[in-house]
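First the structure, in the form of structure tokens, and then the observations on it.
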Amino acid sequence: MNTLALGPQWLDPDYLIATFGLIGVLIIVFAESGLLIGFFLPGDSLLFTTGLLVTAGKLDKPLWMVCGLVVLAAVLGDQAGYLFGRKVGPSLFKRPDSKLFKQENIEKAHAFFEKHGPKSLILARFVPIVRTFTPIIAGVSRMNYRSFLVFNIIGGTLWGAGVTLLGAALGNIEFVHKHIELILVAIVLISVVPVAIELLRARGKAKKEASAGTPGPVADEFAPRPAAVSDGRRGRHAKR
């Protein structure tokens, strides 16, 4: 089974699985779930292809074992991202851009987290790039650990097991085997749509704020706030 390489060969799910097997899948899932360097990895298409190959008998592991290990790798990856965020804290927002790190990715994940709250840990699983940075932002924001763990497990299960089982289920359909390239392209495009929508909204909001002369919420979220200036007058409820 040859799938379409959506980029370099080393990002092609079929090549990755054939070369590194299940261990490679687990490492990639862990890295994409919470390590800064993992945002570009092909999580959705990789899990879909993994499930498909299990059904086709080309990945000689029980489906239940594959799903369980994938969920574990996803949960542990988010855990690592959360702990990293708690340790690094606000300094992450001051880190300069590099080839593997873009400040805009942090800002998008922060806006996503602020908009959706704790459930963002579930929703972000299905959004490339955002799913890598959201647990880090949860750590930076010092989200309650117990709540984080609950939503982390739910999100990791729905995404890790869900996408893998979807690939396994569709792997029994002949149409999918004949058009696997189109299926993978569709998965990537669908997963990128939320990112594109959020990016357009963020740009539109930034333009409005720029024209109004007010700073964006991400830029000043962790900046030191100026002390209030007193005008010397007493408050309404102050004692006379």
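In the structure tokens, chains take letters A, B, ... by order of appearance, with residues numbered from 1 within each chain and ligands from 1 in the order shown.
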Just list as a count of residues only whatever in segment 12-194 of chain A DSSP marks as helix (DSSP H, G or I).
152
Can you work out the spacing between atom CA of Lys58 of chain A and atom CA of Ser45 of chain A in Å, to one decimal?
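Interatomic distance, atom CA of Lys58 of chain A to atom CA of Ser45 of chain A: 16.5 Å.
Minimum distance to Leu36 of chain A across A:Ile23, A:Ala18, A:Val70, A:Ile129 (counting only C-alpha atoms) occurs at A:Ile129.
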Quick one: residues within 7 Å of Leu47 of chain A, only C-alpha atoms counted, chain neighbours fewer than 4 positions away excluded, as a PDB file with all heavy atoms, in the first residue's frame?
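Result file is result_3.pdb:
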```pdb
ATOM      1  N   GLY A  43       0.180  13.814  12.608  1.00  0.00           N
ATOM      2  CA  GLY A  43      -0.554  13.014  13.577  1.00  0.00           C
ATOM      3  C   GLY A  43      -1.807  12.347  13.055  1.00  0.00           C
ATOM      4  O   GLY A  43      -1.977  11.128  13.177  1.00  0.00           O
ATOM      5  N   GLY A  51      -4.290   2.532  11.734  1.00  0.00           N
ATOM      6  CA  GLY A  51      -5.485   1.697  11.846  1.00  0.00           C
ATOM      7  C   GLY A  51      -5.763   0.913  10.576  1.00  0.00           C
ATOM      8  O   GLY A  51      -6.130  -0.264  10.612  1.00  0.00           O
ATOM      9  N   VAL A 163      -9.288   8.198  15.891  1.00  0.00           N
ATOM     10  CA  VAL A 163      -8.761   8.280  14.520  1.00  0.00           C
ATOM     11  C   VAL A 163      -8.190   6.933  14.080  1.00  0.00           C
ATOM     12  O   VAL A 163      -8.344   6.524  12.922  1.00  0.00           O
ATOM     13  CB  VAL A 163      -7.695   9.380  14.416  1.00  0.00           C
ATOM     14  CG1 VAL A 163      -7.118   9.439  13.009  1.00  0.00           C
ATOM     15  CG2 VAL A 163      -8.284  10.734  14.793  1.00  0.00           C
ATOM     16  N   THR A 164      -7.562   6.204  15.013  1.00  0.00           N
ATOM     17  CA  THR A 164      -7.012   4.893  14.679  1.00  0.00           C
ATOM     18  C   THR A 164      -8.132   3.913  14.335  1.00  0.00           C
ATOM     19  O   THR A 164      -8.040   3.152  13.349  1.00  0.00           O
ATOM     20  CB  THR A 164      -6.185   4.331  15.856  1.00  0.00           C
ATOM     21  OG1 THR A 164      -5.169   5.269  16.204  1.00  0.00           O
ATOM     22  CG2 THR A 164      -5.528   3.014  15.474  1.00  0.00           C
TER      23      THR A 164
END
```
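Closest approach to Leu52 of chain A among A:Thr157, A:Asn172, A:Glu209, A:Pro118: A:Asn172, based on only C-alpha atoms.
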Skipping near chain neighbours, those fewer than 5 positions away, what residues fall within 12 Å of Thr55 of chain A using only C-alpha atoms, listed as a PyMOL selection string?
chain A and resi 48-50+60-64+66+164-173+177
Write the residues of the selection above to a file with N, CA, C and O atoms, as an mmCIF file, in the first residue's frame.
```
data_model
loop_
_atom_site.group_PDB
_atom_site.id
_atom_site.type_symbol
_atom_site.label_atom_id
_atom_site.label_comp_id
_atom_site.auth_asym_id
_atom_site.auth_seq_id
_atom_site.Cartn_x
_atom_site.Cartn_y
_atom_site.Cartn_z
ATOM 1 N N PHE A 48 -4.582 7.414 11.222
ATOM 2 C CA PHE A 48 -5.523 6.818 10.276
ATOM 3 C C PHE A 48 -4.844 5.683 9.509
ATOM 4 O O PHE A 48 -5.403 4.585 9.362
ATOM 5 N N THR A 49 -3.641 5.937 9.024
ATOM 6 C CA THR A 49 -2.906 4.920 8.278
ATOM 7 C C THR A 49 -2.553 3.730 9.164
ATOM 8 O O THR A 49 -2.575 2.578 8.720
ATOM 9 N N THR A 50 -2.231 3.999 10.433
ATOM 10 C CA THR A 50 -1.916 2.927 11.369
ATOM 11 C C THR A 50 -3.099 1.980 11.521
ATOM 12 O O THR A 50 -2.948 0.747 11.452
ATOM 13 N N ASP A 60 1.470 -6.053 12.334
ATOM 14 C CA ASP A 60 1.133 -7.278 13.058
ATOM 15 C C ASP A 60 1.011 -7.055 14.558
ATOM 16 O O ASP A 60 1.820 -7.533 15.359
ATOM 17 N N LYS A 61 -0.007 -6.284 14.933
ATOM 18 C CA LYS A 61 -0.292 -6.032 16.342
ATOM 19 C C LYS A 61 -1.811 -5.992 16.506
ATOM 20 O O LYS A 61 -2.537 -5.531 15.613
ATOM 21 N N PRO A 62 -2.339 -6.460 17.652
ATOM 22 C CA PRO A 62 -3.787 -6.386 17.883
ATOM 23 C C PRO A 62 -4.264 -4.935 17.897
ATOM 24 O O PRO A 62 -3.568 -4.056 18.414
ATOM 25 N N LEU A 63 -5.433 -4.697 17.350
ATOM 26 C CA LEU A 63 -5.950 -3.332 17.270
ATOM 27 C C LEU A 63 -6.129 -2.725 18.660
ATOM 28 O O LEU A 63 -5.826 -1.541 18.860
ATOM 29 N N TRP A 64 -6.587 -3.521 19.627
ATOM 30 C CA TRP A 64 -6.799 -2.992 20.980
ATOM 31 C C TRP A 64 -5.476 -2.536 21.608
ATOM 32 O O TRP A 64 -5.438 -1.533 22.316
ATOM 33 N N VAL A 66 -2.770 -1.519 19.916
ATOM 34 C CA VAL A 66 -2.332 -0.322 19.199
ATOM 35 C C VAL A 66 -3.063 0.907 19.733
ATOM 36 O O VAL A 66 -2.439 1.934 20.041
ATOM 37 N N THR A 164 -7.562 6.204 15.013
ATOM 38 C CA THR A 164 -7.012 4.893 14.679
ATOM 39 C C THR A 164 -8.132 3.913 14.335
ATOM 40 O O THR A 164 -8.040 3.152 13.349
ATOM 41 N N LEU A 165 -9.199 3.914 15.133
ATOM 42 C CA LEU A 165 -10.342 3.028 14.871
ATOM 43 C C LEU A 165 -11.049 3.406 13.576
ATOM 44 O O LEU A 165 -11.562 2.538 12.862
ATOM 45 N N LEU A 166 -11.076 4.713 13.274
ATOM 46 C CA LEU A 166 -11.681 5.147 12.015
ATOM 47 C C LEU A 166 -10.917 4.564 10.827
ATOM 48 O O LEU A 166 -11.518 4.068 9.868
ATOM 49 N N GLY A 167 -9.592 4.621 10.903
ATOM 50 C CA GLY A 167 -8.783 4.037 9.838
ATOM 51 C C GLY A 167 -8.984 2.541 9.730
ATOM 52 O O GLY A 167 -9.055 1.989 8.628
ATOM 53 N N ALA A 168 -9.104 1.867 10.882
ATOM 54 C CA ALA A 168 -9.315 0.418 10.877
ATOM 55 C C ALA A 168 -10.674 0.057 10.294
ATOM 56 O O ALA A 168 -10.805 -0.912 9.536
ATOM 57 N N ALA A 169 -11.699 0.862 10.630
ATOM 58 C CA ALA A 169 -13.048 0.586 10.132
ATOM 59 C C ALA A 169 -13.140 0.813 8.626
ATOM 60 O O ALA A 169 -13.693 -0.012 7.883
ATOM 61 N N LEU A 170 -12.573 1.920 8.166
ATOM 62 C CA LEU A 170 -12.623 2.223 6.736
ATOM 63 C C LEU A 170 -11.668 1.342 5.935
ATOM 64 O O LEU A 170 -11.795 1.235 4.715
ATOM 65 N N GLY A 171 -10.720 0.710 6.642
ATOM 66 C CA GLY A 171 -9.779 -0.164 5.952
ATOM 67 C C GLY A 171 -10.431 -1.386 5.340
ATOM 68 O O GLY A 171 -9.850 -2.041 4.469
ATOM 69 N N ASN A 172 -11.643 -1.701 5.794
ATOM 70 C CA ASN A 172 -12.377 -2.841 5.229
ATOM 71 C C ASN A 172 -13.140 -2.473 3.965
ATOM 72 O O ASN A 172 -13.735 -3.347 3.335
ATOM 73 N N ILE A 173 -13.119 -1.211 3.609
ATOM 74 C CA ILE A 173 -13.868 -0.751 2.442
ATOM 75 C C ILE A 173 -12.928 -0.658 1.238
ATOM 76 O O ILE A 173 -11.877 -0.006 1.306
ATOM 77 N N HIS A 177 -9.187 1.687 -0.018
ATOM 78 C CA HIS A 177 -7.907 1.149 -0.472
ATOM 79 C C HIS A 177 -7.509 1.729 -1.825
ATOM 80 O O HIS A 177 -6.334 2.005 -2.078
#
```
Using only C-alpha atoms, pick whichever of A:Leu46, A:Leu149, A:Leu123, A:Ile37 has the shortest atom-to-atom distance to Leu83 of chain A.
A:Leu149
Using only C-alpha atoms, which residues sit within 10 Å of Ile122 of chain A once same-chain residues fewer than 4 positions away are excluded, as a list in words?
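So the residues in contact are His116, Pro118, Phe126, Val127, Arg131, Thr134, Phe151, Asn152, Ile153, Ile154, Gly155, Gly156, Thr157, Leu158 and Trp159 of chain A.
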Could the residues in this selection be saved with C-alpha atoms as a CSV table (one decimal), in the first residue's frame?
```csv
chain,number,residue,atom,x,y,z
A,116,HIS,CA,-12.7,27.3,24.9
A,118,PRO,CA,-10.5,23.4,29.7
A,126,PHE,CA,-8.2,17.5,16.3
A,127,VAL,CA,-6.4,20.7,15.2
A,131,ARG,CA,-2.8,20.4,19.7
A,134,THR,CA,-2.4,23.9,24.0
A,151,PHE,CA,-9.6,16.5,30.0
A,152,ASN,CA,-6.2,15.3,28.8
A,153,ILE,CA,-7.3,11.6,29.2
A,154,ILE,CA,-10.6,12.3,27.5
A,155,GLY,CA,-9.0,14.2,24.6
A,156,GLY,CA,-6.2,11.6,24.2
A,157,THR,CA,-8.7,8.8,24.1
A,158,LEU,CA,-11.1,10.4,21.6
A,159,TRP,CA,-8.3,11.4,19.3
```
Could you tell me which of A:Phe148, A:Ser141, A:Gly160, A:Pro128 comes closest to Val25 of chain A if we count only C-alpha atoms?
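Of A:Phe148, A:Ser141, A:Gly160, A:Pro128, the one nearest Val25 of chain A is A:Gly160, counting only C-alpha atoms.
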As a list in words, please: the residues near Phe30 of chain A (cut-off 6 Å, only C-alpha atoms, same-chain neighbours under 2 positions excluded).
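Returned residues: Ile27, Ile28, Glu32, Ser33, Ala73, Ala74 and Gly77 of chain A.
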Length of the atom CA of Gly57 of chain A to atom CA of Phe20 of chain A vector [Å]
16.4 Å
